[in-house]
Amino acid sequence: MPSLLPVLVSAFLIAATAVPSLPAFAQAPARYVAGVADLPLMPGLTERPEDGLVFDKPGGRIVEAFATGPLTWQEVRSFYESTLPELGWKPDRGGYLREGERLQLSATEAPGVVTVKFRLFPQ
């Protein structure tokens with residue numbers, strides 16, 4: 001009786017190569033904006049911690065953070081428009097609300113690079 005091992009190995013190798021690989025950024029571990037433990041930093045953005053601030057006071061926290069990357073503001077906005085509602089943020093007047101806090105995102109664009117400003121403050 002012939003061995004099934006070569007057939008099984010061949011089938012596994014064919015199946016393994018047929019699965020498309022994820023882009024490199026999708027395989028990287030998730031990173032988060034400093035001062036906001038559950039606000040993901042979009043893949044492709046690099047935070048500029050030297051420009052940010054985190055201030056925690058009894059009335060709520062205030063966070064300003066900046067990140068840059070070779071993206072467009074439209075790509076960044078689309079990412080956060082789809083991601084933030086999944087994390088409980090509700091769109092509201094150009095920003096987002098959640099649990100008594102407001103999150104605003106804005107950006108400046110230069111050729112080939114965007115700088116994103118994240119502002120979190122009490123509602």
# chains A, B, ... in the order shown; residues from 1 in each chain; ligands from 1
call {"tool": "residues_around", "arguments": {"residues": "Gly95 (chain A)", "least_positions_apart": "5", "cutoff": "9 Å", "atoms": "only C-alpha atoms", "output": "PyMOL selection string"}}
result
chain A and resi 90+102-105
call {"tool": "write_last_selection", "arguments": {"atoms": "N, CA and C atoms", "output": "mmCIF file, in the first residue's frame"}}
result
data_model
loop_
_atom_site.group_PDB
_atom_site.id
_atom_site.type_symbol
_atom_site.label_atom_id
_atom_site.label_comp_id
_atom_site.auth_asym_id
_atom_site.auth_seq_id
_atom_site.Cartn_x
_atom_site.Cartn_y
_atom_site.Cartn_z
ATOM 1 N N LYS A 90 -18.539 57.953 18.671
ATOM 2 C CA LYS A 90 -19.674 58.345 17.836
ATOM 3 C C LYS A 90 -19.331 59.653 17.114
ATOM 4 N N ARG A 102 -14.155 64.160 23.924
ATOM 5 C CA ARG A 102 -14.240 64.509 22.512
ATOM 6 C C ARG A 102 -12.867 64.278 21.884
ATOM 7 N N LEU A 103 -12.880 63.683 20.707
ATOM 8 C CA LEU A 103 -11.667 63.444 19.933
ATOM 9 C C LEU A 103 -11.790 64.185 18.618
ATOM 10 N N GLN A 104 -10.781 64.993 18.303
ATOM 11 C CA GLN A 104 -10.745 65.694 17.027
ATOM 12 C C GLN A 104 -9.468 65.323 16.297
ATOM 13 N N LEU A 105 -9.581 65.131 15.010
ATOM 14 C CA LEU A 105 -8.433 64.866 14.153
ATOM 15 C C LEU A 105 -8.371 65.961 13.098
#
call {"tool": "residues_around", "arguments": {"residues": "region 29-38 of chain A", "least_positions_apart": "4", "cutoff": "8 Å", "atoms": "only C-alpha atoms", "output": "list in words"}}
result
Met42, Glu47, Pro49, Val54, Val63, Ala65 and Leu87 of chain A
call {"tool": "write_last_selection", "arguments": {"atoms": "C-alpha atoms", "output": "CSV table (one decimal), in the first residue's frame"}}
result
chain,number,residue,atom,x,y,z
A,42,MET,CA,-2.8,54.1,11.7
A,47,GLU,CA,4.2,59.4,16.1
A,49,PRO,CA,6.2,62.2,20.8
A,54,VAL,CA,-0.6,64.6,28.0
A,63,VAL,CA,-4.0,64.9,25.0
A,65,ALA,CA,-0.4,64.0,19.7
A,87,LEU,CA,-14.1,51.4,19.4
call {"tool": "residues_around", "arguments": {"residues": "Thr115 (chain A)", "least_positions_apart": "4", "cutoff": "9 Å", "atoms": "only C-alpha atoms", "output": "PyMOL selection string"}}
result
chain A and resi 45+66-69+71+73+106-110
call {"tool": "write_last_selection", "arguments": {"atoms": "N, CA and C atoms", "output": "compact mmCIF listing (two decimals), in the first residue's frame"}}
result
# COMPACT_ATOMS: atom_id res chain seq x y z
N LEU A 45 1.74 55.68 9.77
CA LEU A 45 2.01 56.90 10.51
C LEU A 45 3.07 56.62 11.58
N PHE A 66 0.84 64.10 17.68
CA PHE A 66 1.09 64.34 16.27
C PHE A 66 1.76 63.11 15.67
N ALA A 67 1.41 62.85 14.41
CA ALA A 67 2.02 61.73 13.69
C ALA A 67 2.15 62.12 12.22
N THR A 68 3.18 61.61 11.58
CA THR A 68 3.40 61.90 10.16
C THR A 68 3.57 60.61 9.40
N GLY A 69 3.35 60.69 8.09
CA GLY A 69 3.56 59.52 7.27
C GLY A 69 3.31 59.82 5.80
N LEU A 71 1.21 59.38 3.56
CA LEU A 71 -0.20 59.09 3.26
C LEU A 71 -0.90 60.38 2.88
N TRP A 73 -4.45 62.82 3.62
CA TRP A 73 -5.44 63.06 4.65
C TRP A 73 -6.70 62.23 4.40
N SER A 106 -7.17 66.44 12.85
CA SER A 106 -6.96 67.41 11.78
C SER A 106 -5.62 67.08 11.15
N ALA A 107 -5.36 67.71 10.01
CA ALA A 107 -4.12 67.38 9.32
C ALA A 107 -3.63 68.53 8.47
N THR A 108 -2.34 68.51 8.22
CA THR A 108 -1.73 69.36 7.21
C THR A 108 -1.03 68.43 6.23
N GLU A 109 -1.09 68.81 4.97
CA GLU A 109 -0.48 67.97 3.93
C GLU A 109 0.61 68.75 3.22
N ALA A 110 1.69 68.06 2.94
CA ALA A 110 2.75 68.55 2.07
C ALA A 110 2.89 67.47 0.99
call {"tool": "closest_residue", "arguments": {"among": "A:Phe118, A:Arg98, A:Glu64, A:Leu39", "to": "Asp51 (chain A)", "atoms": "only C-alpha atoms"}}
result
A:Glu64
call {"tool": "residues_around", "arguments": {"residues": "Gly60 (chain A)", "least_positions_apart": "4", "cutoff": "9 Å", "atoms": "only C-alpha atoms", "output": "PyMOL selection string"}}
result
chain A and resi 55-56+100-101+121-123
call {"tool": "write_last_selection", "arguments": {"atoms": "N, CA, C and O atoms", "output": "PDB file, in the first residue's frame"}}
result
ATOM      1  N   PHE A  55      -2.036  65.728  29.618  1.00  0.00           N
ATOM      2  CA  PHE A  55      -2.333  66.415  30.858  1.00  0.00           C
ATOM      3  C   PHE A  55      -3.557  65.755  31.454  1.00  0.00           C
ATOM      4  O   PHE A  55      -4.630  65.759  30.850  1.00  0.00           O
ATOM      5  N   ASP A  56      -3.391  65.158  32.622  1.00  0.00           N
ATOM      6  CA  ASP A  56      -4.498  64.480  33.294  1.00  0.00           C
ATOM      7  C   ASP A  56      -4.900  65.305  34.502  1.00  0.00           C
ATOM      8  O   ASP A  56      -4.079  65.571  35.378  1.00  0.00           O
ATOM      9  N   GLY A 100     -17.859  60.949  27.660  1.00  0.00           N
ATOM     10  CA  GLY A 100     -17.540  62.276  28.185  1.00  0.00           C
ATOM     11  C   GLY A 100     -16.278  62.910  27.603  1.00  0.00           C
ATOM     12  O   GLY A 100     -15.822  63.930  28.107  1.00  0.00           O
ATOM     13  N   GLU A 101     -15.737  62.327  26.553  1.00  0.00           N
ATOM     14  CA  GLU A 101     -14.550  62.896  25.922  1.00  0.00           C
ATOM     15  C   GLU A 101     -14.832  63.174  24.446  1.00  0.00           C
ATOM     16  O   GLU A 101     -15.634  62.494  23.821  1.00  0.00           O
ATOM     17  N   PHE A 121     -10.070  65.754  24.644  1.00  0.00           N
ATOM     18  CA  PHE A 121     -10.346  66.635  25.762  1.00  0.00           C
ATOM     19  C   PHE A 121     -11.742  66.347  26.299  1.00  0.00           C
ATOM     20  O   PHE A 121     -12.560  65.726  25.619  1.00  0.00           O
ATOM     21  N   PRO A 122     -12.039  66.807  27.538  1.00  0.00           N
ATOM     22  CA  PRO A 122     -13.361  66.568  28.106  1.00  0.00           C
ATOM     23  C   PRO A 122     -14.433  67.241  27.257  1.00  0.00           C
ATOM     24  O   PRO A 122     -14.231  68.306  26.697  1.00  0.00           O
ATOM     25  N   GLN A 123     -15.577  66.609  27.196  1.00  0.00           N
ATOM     26  CA  GLN A 123     -16.692  67.095  26.380  1.00  0.00           C
ATOM     27  C   GLN A 123     -17.268  68.363  26.944  1.00  0.00           C
ATOM     28  O   GLN A 123     -17.354  68.619  28.068  1.00  0.00           O
TER      29      GLN A 123
END
call {"tool": "atom_distance", "arguments": {"atom1": "CA of Gly44 (chain A)", "atom2": "CA of Ser78 (chain A)"}}
result
13.6 Å
call {"tool": "select_by_dssp", "arguments": {"residues": "region 40-123 of chain A", "states": "alpha helix (DSSP H)", "output": "PyMOL selection string"}}
result
chain A and resi 73-83
call {"tool": "atom_distance", "arguments": {"atom1": "CA of Val113 (chain A)", "atom2": "CA of Asp92 (chain A)"}}
result
26.9 Å
call {"tool": "closest_residue", "arguments": {"among": "A:Val76, A:Leu53, A:Leu120, A:Leu41", "to": "Glu99 (chain A)", "atoms": "only C-alpha atoms"}}
result
A:Leu120
